[in-house]
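This report refers to the structure that appears directly beneath it.
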Amino acid sequence: MNLTRSNIATFISCILILIFPFFSSQGFCQYERITTDQTYSTPGESAYREKIFLHCDRKIYLTGETIWFKGYCVHQTLNLPVDVSKVMYIEVLNDQNKPILSEKVRLTEGTGFGSIYIPRSIQTGTYYLRAYTRWMTNFDPEYYFFDRIYIVNPFLPLETISDQTGKSPDFNIHFYAEKNRLVPGQNNYVAFRAMDQSGNGTDLEGWVVTTSGDTITSFHTYKYGFGLMSFTPRLNDQFRIITNYNGGYKEFPLNLPVLQNPVERTVINSNVTDESKKFNIAIQQNREHYITRDKVILTIKTTDSSEQPVSGDLSVSVYRSDGQVNLYHKNIYQYLYHTSCFPGYSLPPDDQVPFAEYDSLMMEKILSVIYASMDNTGHETGNLKGDRLIQPENRGNIISGIIINGQNGYPAPGVRMFLAIPGKNVQLYNIKSGTNGEFHFQVLEQYGRKDIILMPENNPEQYRIVLDNDFSEKFGNIQPVPFRPDEQTVRYLEKLMVNLQIQDAFGKIIPDQPDISAYEIPNIFDLQDEIILLEDYIRLPAVEELFVELVKSVNIKRRRGSFNLAVIDPLSNQPLSGEPLLLLDGVPVLDINPVIIYLDPVDIERIEVMSNWYIIGDKLYFSIINLITKKAEYGHFDLPTYAIRNSYLFAQYPVSLNTPDYSIENDSISMIPDYRNLLYWNPEIVTNKNGYATVSFYTSDDISDYKIVIQGLTKKGLAGYKEAVIPIKGTEE
């Protein structure tokens with residue numbers, strides 16, 4: 001028996017039909033099908049946890065500037081970098097807990113970096129950065145990463161703190177005790193934090209009194225609104241607090257019950273800081289001070305607690321600062337090893353204390369009481385929200401939703417679906433919906449904002465597709481505070497505003513633009529049997545004539561007003577079995593007649609034909625024809641009613657901050673004023689095996705101090721943080 005290519009293809013089809021169930025269950029196909037119809041059945045699924053720390057370049061921004069950030073994705077308890085999730089979601093929330101800006105960033109071996117531009121229309125106020133992975137959305141949103149930032153619109157007036165003579169401004173004070181109760185007959189430590197109306201720590205003094213009026217102890221704040229006191233209560237005692245704040249007295253109950261304690265108590269004077277989990281960062285500057293447009297060289301050294309060199313993955317920021325303005329960064333060690341274990345609403349903001357203060361004995365004691373007051377067992381054991389598992393994006397973005405039977409309104413299981421990304425390079429996916437009509441397309445290595453088109457493959461008019469929101473729709477308990485800067489902060493902001501206006505007037509330094517072509521995925525069809533470039537031929541009036549005159553590997557026939565296409569086997573010169581899959585700009589065409597009748601050949605750039613069988617997902621196609629238009633956007637026809645077209649945000653193209661190089665004689669640079677508020681940002685610093693790395697950049701024309709902030713992580717989970725100052729003076733001394 002002669003085996004033609006047609007016979008071979010038919011034989012292979014029969015074999016594949018028999019073994020596809022095995023392939024599907026093992027993920028043995030070009031694009032892995034993600035099964036989501038499963039509950040939490042194994043400890044491994046529910047025990048694995050991720051958390052993210054986000055280092056952003058500054059704490060305060062002006063509209064028109066850019067937020068630069070780097071994310072570190074680690075195991076929730078081990079704090080080791082993890083390489084499971086490949087996409088990080090970043091959002092800017094307003095004080096109403098609503099997202100206003102968002103981006104996605106590709107994660108590689110647990111780290112990823114990117115930027116968010118702040119539009120000029122943003123209002124002045126307090127905002128919140130939050131970051132998470134798709135896997136983290138299985139859990140409580142209180143454990144997403146949160147950081148408070150401030151955005152100022154230079155064209156709107158600032159609401160400052162008013163001096164109300166004769167009036168005592170309101171404040172809030174929160175008390176913390178171990179397990180949030182007092183033990184009778186023993187000395188109990190109680191920590192507290194007092195905050196003004198803007199959420200900043202404030203100083204006050206006070207007394208603890210019994211209901212009979214006896215004073216038990218007095219207290220006062222230590223720093224930044226934090227304080228610590230101790231006293232010995234009796235069983236069932238009740239207490240009141242009396243405070244003196246700016247000459248005004250306030251009285252309220254102390255809501256800490258006095259109860260017998262059956263469990264072992266925490267020793268609160270032990271150090272919160274574990275040096276074995278930190279690494280040290282030393283910064284050596286090439287000069288004691290710098291002049292304008294001077295070259296700064298920083299030598300960075302990283303060592304562990306025993307002074308042995310370690311290799312750290314670091315992010316470095318250098319920005320205009322003011323030593324009198326209290327804008328502190330959330331630091332990676334304190335977050336990963338302490339505050340990330342608690343829901344965000346339960347702790348005082350950890351960006352209200354300078355990093356150096358964490359090493360003080362008093363702050364160690366205060367923090368140990370605060371941490372002992374929290375019950376984080378639910379977080380540690382991995383409580384999952386809902387009864388369906390949201391799969392981690394371990395290869396790329398997952399586009400999910402549900403397909404519904406339009407006749408009865410119920411979810412439609414087992415329906416084969418296409419997802420296509422229109423373009424010159426075919427990116428096509430094919431899966432079946434799950435038992436509850438849900439579908440999950442795992443899309444590989446896509447970047448930027450692109451259109452996606454989804455449609456059922458068979459009997460498409462019967463179904464309706466609904467896409468999920470790609471960003472989390474769950475939100476934590478944000479307690480917003482107004483942004484009312486004091487006089488010193490206002491003066492600092494005015495300097496930043498002047499710098500920005502100068503940059504706007506003379507032209508900003510534009511960030512490096514990525515080479516988009518470097519991130520394009522190649523055509524999934526790389527063995528086309530015939531490619532027709534229409535610019536090589538005379539113009540023909542109809543698509544039908546193109547196939548008749550130019551495309552030798554395709555037969556076209558008209559029957560009862562409808563067209564049929566058949567691809568010819570080049571070996572046997574016989575039509576291949578099965579209808580070919582027709583694509584237009586990589587998008588499946590389920591009804592070929594409108595394309596052949598109405599598409600103008602002048603809009604077509606090329607025609608590609610594959611005579612070989614091809615597997616997409618778990619479906620075999622015996623031949624494929626792809627018409628590629630000049631714009632390659634599938635824009636020549638209205639989308640069928642059964643299909644949906646959405647603009648989808650994939651991972652951000654990697655972009656780096658561009659800085660001037662004044663070592664080169666260049667009049668176009670030397671004549672432009674340089675008043676950058678951000679001198680340097682680099683999220684890709686890795687110290688070598690000896691613990692060293694060197695970075696360099698140039699100062700601007702602004703005579704001021706600039707703060708250096710370095711944060712990082714090692715592969716063994718050691719966390720490091722360092723601050724320093726670069727002084728810039730006008731002339732050499």
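By convention in this document, the chains of the structure tokens carry letters A, B, ... by their order, each chain's residues are numbered from 1, and ligands are numbered from 1 in the order they are shown.
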For this session: Show which residues sit within 9 Å of Gln284 of chain A, as a list in words. Count only C-alpha atoms, and ignore same-chain residues fewer than 5 positions away.
Result: Ile297, Leu298, Thr299, Ile300 and Lys301 of chain A
For this session: Find the residues near Pro309 of chain A: any atom within 7 Å, counting only C-alpha atoms, skip ones fewer than 5 places away on the same chain, and give them as a VMD selection string.
Result: chain A and resid 302 to 304 689 to 691
Write the residues you've just listed into a file as a PDB file, in the first residue's frame, and include C-alpha atoms for each of them.
```pdb
ATOM      1  CA  THR A 302      27.654  43.178  51.048  1.00  0.00           C
ATOM      2  CA  THR A 303      28.553  40.880  53.954  1.00  0.00           C
ATOM      3  CA  ASP A 304      26.655  38.580  56.289  1.00  0.00           C
ATOM      4  CA  LYS A 689      30.959  36.484  45.011  1.00  0.00           C
ATOM      5  CA  ASN A 690      33.324  38.786  46.898  1.00  0.00           C
ATOM      6  CA  GLY A 691      30.402  41.042  47.820  1.00  0.00           C
TER       7      GLY A 691
END
```
For this session: Kindly indicate which residue among A:Pro422, A:Gly717, A:Pro683, A:Pro154 lies nearest to Arg645 of chain A, using only C-alpha atoms for the distances.
Result: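 Of A:Pro422, A:Gly717, A:Pro683, A:Pro154, the one nearest Arg645 of chain A is A:Pro422, counting only C-alpha atoms.
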Problem set entry | Residue nearest Ile332 of chain A among A:Gly71, A:Pro727, A:Gly409, A:Pro640 (counting only C-alpha atoms) |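 Of the candidates, the smallest distance to Ile332 of chain A is held by A:Gly71.
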For this session: Name the closest residue to Val725 of chain A among the candidates A:Gln260, A:Thr210, A:Asn331, A:Ser317; distances are taken between atoms, counting only C-alpha atoms.
Result: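 Closest to Val725 of chain A of all the choices is A:Ser317.
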Exercise. So how many Å separate atom CA of Asp237 of chain A and atom CA of Glu251 of chain A, to one decimal?
Worked result: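 About the pair atom CA of Asp237 of chain A and atom CA of Glu251 of chain A: they are 17.3 Å apart.
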For this session: For Leu590 of chain A, list every protein, DNA or RNA residue within 12 Å, evaluated using only C-alpha atoms, and leave out those in the same chain fewer than 4 positions away; present the list as a list in words.
Result: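 Skipping anything fewer than 4 positions along the chain leaves Met417, Phe418, Met455, Pro456, Glu457, Asn458, Asn459, Pro460, Glu461, Glu579, Pro580, Leu581, Leu582, Leu583, Leu584, Pro594, Val595, Leu639, Pro640, Tyr642 and Ala643 of chain A.
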Keeping only C-alpha atoms, take the residues you just selected and write them out as a tab-separated table (two decimals), in the first residue's frame.
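Dumped everything to again_1.tsv:
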```tsv
chain	number	residue	atom	x	y	z
A	417	MET	CA	-12.34	27.77	22.23
A	418	PHE	CA	-9.77	29.90	20.41
A	455	MET	CA	-14.39	32.71	20.13
A	456	PRO	CA	-15.91	29.22	20.30
A	457	GLU	CA	-14.70	26.93	17.54
A	458	ASN	CA	-17.91	25.04	16.77
A	459	ASN	CA	-21.53	26.23	16.72
A	460	PRO	CA	-20.32	29.62	17.96
A	461	GLU	CA	-23.74	31.31	17.82
A	579	GLU	CA	-10.89	21.40	5.93
A	580	PRO	CA	-7.94	23.75	6.41
A	581	LEU	CA	-7.95	26.21	9.27
A	582	LEU	CA	-8.23	29.66	7.70
A	583	LEU	CA	-6.68	32.55	9.62
A	584	LEU	CA	-6.82	36.28	9.00
A	594	PRO	CA	-17.01	37.25	3.76
A	595	VAL	CA	-13.21	37.18	3.66
A	639	LEU	CA	-16.14	40.98	14.71
A	640	PRO	CA	-18.83	38.26	14.71
A	642	TYR	CA	-20.10	35.29	19.10
A	643	ALA	CA	-16.53	36.59	19.46
```
Exercise. Where does DSSP see strand (DSSP E or B) in segment 238-474 of chain A, if you list the residues as an NGL selection string?
Worked result: :A and (239-245 or 248-254 or 258 or 278 or 280-285 or 290 or 295-303 or 309 or 313-320 or 398-405 or 411 or 416-420 or 428-432 or 438-442 or 447 or 449-456 or 463-467)
Kindly save the residues from that selection, with C-alpha atoms included, as a PDB file, in the first residue's frame.
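Printed below is selection-v6.pdb as written:
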```
ATOM      1  CA  PHE A 239      -8.852  50.982  83.600  1.00  0.00           C
ATOM      2  CA  ARG A 240      -9.244  54.403  82.062  1.00  0.00           C
ATOM      3  CA  ILE A 241      -6.707  56.444  80.127  1.00  0.00           C
ATOM      4  CA  ILE A 242      -6.209  60.160  80.658  1.00  0.00           C
ATOM      5  CA  THR A 243      -4.004  61.979  78.146  1.00  0.00           C
ATOM      6  CA  ASN A 244      -2.534  65.442  77.883  1.00  0.00           C
ATOM      7  CA  TYR A 245      -1.950  66.511  74.272  1.00  0.00           C
ATOM      8  CA  GLY A 248      -5.894  69.441  76.071  1.00  0.00           C
ATOM      9  CA  TYR A 249      -7.068  66.512  78.209  1.00  0.00           C
ATOM     10  CA  LYS A 250      -8.870  63.469  76.883  1.00  0.00           C
ATOM     11  CA  GLU A 251     -10.270  60.458  78.736  1.00  0.00           C
ATOM     12  CA  PHE A 252     -11.352  57.024  77.444  1.00  0.00           C
ATOM     13  CA  PRO A 253     -11.394  53.354  78.590  1.00  0.00           C
ATOM     14  CA  LEU A 254      -8.404  51.022  78.157  1.00  0.00           C
ATOM     15  CA  VAL A 258      -7.600  41.325  82.627  1.00  0.00           C
ATOM     16  CA  LYS A 278      20.201  40.222  57.650  1.00  0.00           C
ATOM     17  CA  ASN A 280      25.124  44.298  55.811  1.00  0.00           C
ATOM     18  CA  ILE A 281      25.510  46.875  53.072  1.00  0.00           C
ATOM     19  CA  ALA A 282      28.459  49.263  53.124  1.00  0.00           C
ATOM     20  CA  ILE A 283      28.709  52.240  50.739  1.00  0.00           C
ATOM     21  CA  GLN A 284      32.007  53.894  49.874  1.00  0.00           C
ATOM     22  CA  GLN A 285      31.817  57.187  47.966  1.00  0.00           C
ATOM     23  CA  TYR A 290      30.409  66.743  45.131  1.00  0.00           C
ATOM     24  CA  LYS A 295      30.661  62.069  38.726  1.00  0.00           C
ATOM     25  CA  VAL A 296      29.595  59.938  41.673  1.00  0.00           C
ATOM     26  CA  ILE A 297      31.099  56.473  42.062  1.00  0.00           C
ATOM     27  CA  LEU A 298      29.634  54.236  44.730  1.00  0.00           C
ATOM     28  CA  THR A 299      31.378  51.041  45.758  1.00  0.00           C
ATOM     29  CA  ILE A 300      28.896  48.714  47.421  1.00  0.00           C
ATOM     30  CA  LYS A 301      29.990  45.862  49.676  1.00  0.00           C
ATOM     31  CA  THR A 302      27.654  43.178  51.048  1.00  0.00           C
ATOM     32  CA  THR A 303      28.553  40.880  53.954  1.00  0.00           C
ATOM     33  CA  PRO A 309      31.027  38.340  51.651  1.00  0.00           C
ATOM     34  CA  ASP A 313      20.440  41.260  44.457  1.00  0.00           C
ATOM     35  CA  LEU A 314      19.961  44.993  45.050  1.00  0.00           C
ATOM     36  CA  SER A 315      17.923  48.009  43.976  1.00  0.00           C
ATOM     37  CA  VAL A 316      19.471  51.477  44.362  1.00  0.00           C
ATOM     38  CA  SER A 317      17.735  54.849  44.483  1.00  0.00           C
ATOM     39  CA  VAL A 318      19.264  58.347  44.794  1.00  0.00           C
ATOM     40  CA  TYR A 319      16.829  61.258  45.108  1.00  0.00           C
ATOM     41  CA  ARG A 320      16.636  64.847  46.363  1.00  0.00           C
ATOM     42  CA  ILE A 398      -3.435  33.551  32.404  1.00  0.00           C
ATOM     43  CA  ILE A 399      -6.536  34.889  30.653  1.00  0.00           C
ATOM     44  CA  SER A 400      -9.619  33.393  32.254  1.00  0.00           C
ATOM     45  CA  GLY A 401     -13.373  33.591  32.148  1.00  0.00           C
ATOM     46  CA  ILE A 402     -16.501  31.546  31.610  1.00  0.00           C
ATOM     47  CA  ILE A 403     -18.412  30.459  28.520  1.00  0.00           C
ATOM     48  CA  ILE A 404     -22.191  30.369  28.797  1.00  0.00           C
ATOM     49  CA  ASN A 405     -24.825  28.543  26.764  1.00  0.00           C
ATOM     50  CA  PRO A 411     -22.175  27.485  32.007  1.00  0.00           C
ATOM     51  CA  ARG A 416     -13.498  24.167  22.431  1.00  0.00           C
ATOM     52  CA  MET A 417     -12.344  27.772  22.230  1.00  0.00           C
ATOM     53  CA  PHE A 418      -9.772  29.897  20.408  1.00  0.00           C
ATOM     54  CA  LEU A 419      -7.732  32.780  21.762  1.00  0.00           C
ATOM     55  CA  ALA A 420      -5.782  34.762  19.182  1.00  0.00           C
ATOM     56  CA  LEU A 428      -3.030  31.116  18.648  1.00  0.00           C
ATOM     57  CA  TYR A 429      -4.323  29.014  21.555  1.00  0.00           C
ATOM     58  CA  ASN A 430      -6.997  26.319  21.710  1.00  0.00           C
ATOM     59  CA  ILE A 431      -8.487  24.722  24.835  1.00  0.00           C
ATOM     60  CA  LYS A 432     -11.736  23.243  26.137  1.00  0.00           C
ATOM     61  CA  GLU A 438     -14.539  28.097  33.062  1.00  0.00           C
ATOM     62  CA  PHE A 439     -11.528  28.512  30.791  1.00  0.00           C
ATOM     63  CA  HIS A 440      -7.925  29.495  31.430  1.00  0.00           C
ATOM     64  CA  PHE A 441      -5.560  30.372  28.593  1.00  0.00           C
ATOM     65  CA  GLN A 442      -1.922  30.519  29.668  1.00  0.00           C
ATOM     66  CA  TYR A 447       4.514  42.249  26.583  1.00  0.00           C
ATOM     67  CA  ARG A 449      -1.015  46.236  25.636  1.00  0.00           C
ATOM     68  CA  LYS A 450      -2.436  44.115  22.833  1.00  0.00           C
ATOM     69  CA  ASP A 451      -5.808  43.088  21.494  1.00  0.00           C
ATOM     70  CA  ILE A 452      -6.998  39.567  22.194  1.00  0.00           C
ATOM     71  CA  ILE A 453      -9.849  37.846  20.347  1.00  0.00           C
ATOM     72  CA  LEU A 454     -11.756  34.886  21.804  1.00  0.00           C
ATOM     73  CA  MET A 455     -14.388  32.708  20.128  1.00  0.00           C
ATOM     74  CA  PRO A 456     -15.906  29.220  20.302  1.00  0.00           C
ATOM     75  CA  TYR A 463     -22.438  30.613  23.271  1.00  0.00           C
ATOM     76  CA  ARG A 464     -21.515  33.790  25.092  1.00  0.00           C
ATOM     77  CA  ILE A 465     -18.049  34.519  26.547  1.00  0.00           C
ATOM     78  CA  VAL A 466     -17.442  36.507  29.735  1.00  0.00           C
ATOM     79  CA  LEU A 467     -13.881  37.472  30.689  1.00  0.00           C
TER      80      LEU A 467
END
```
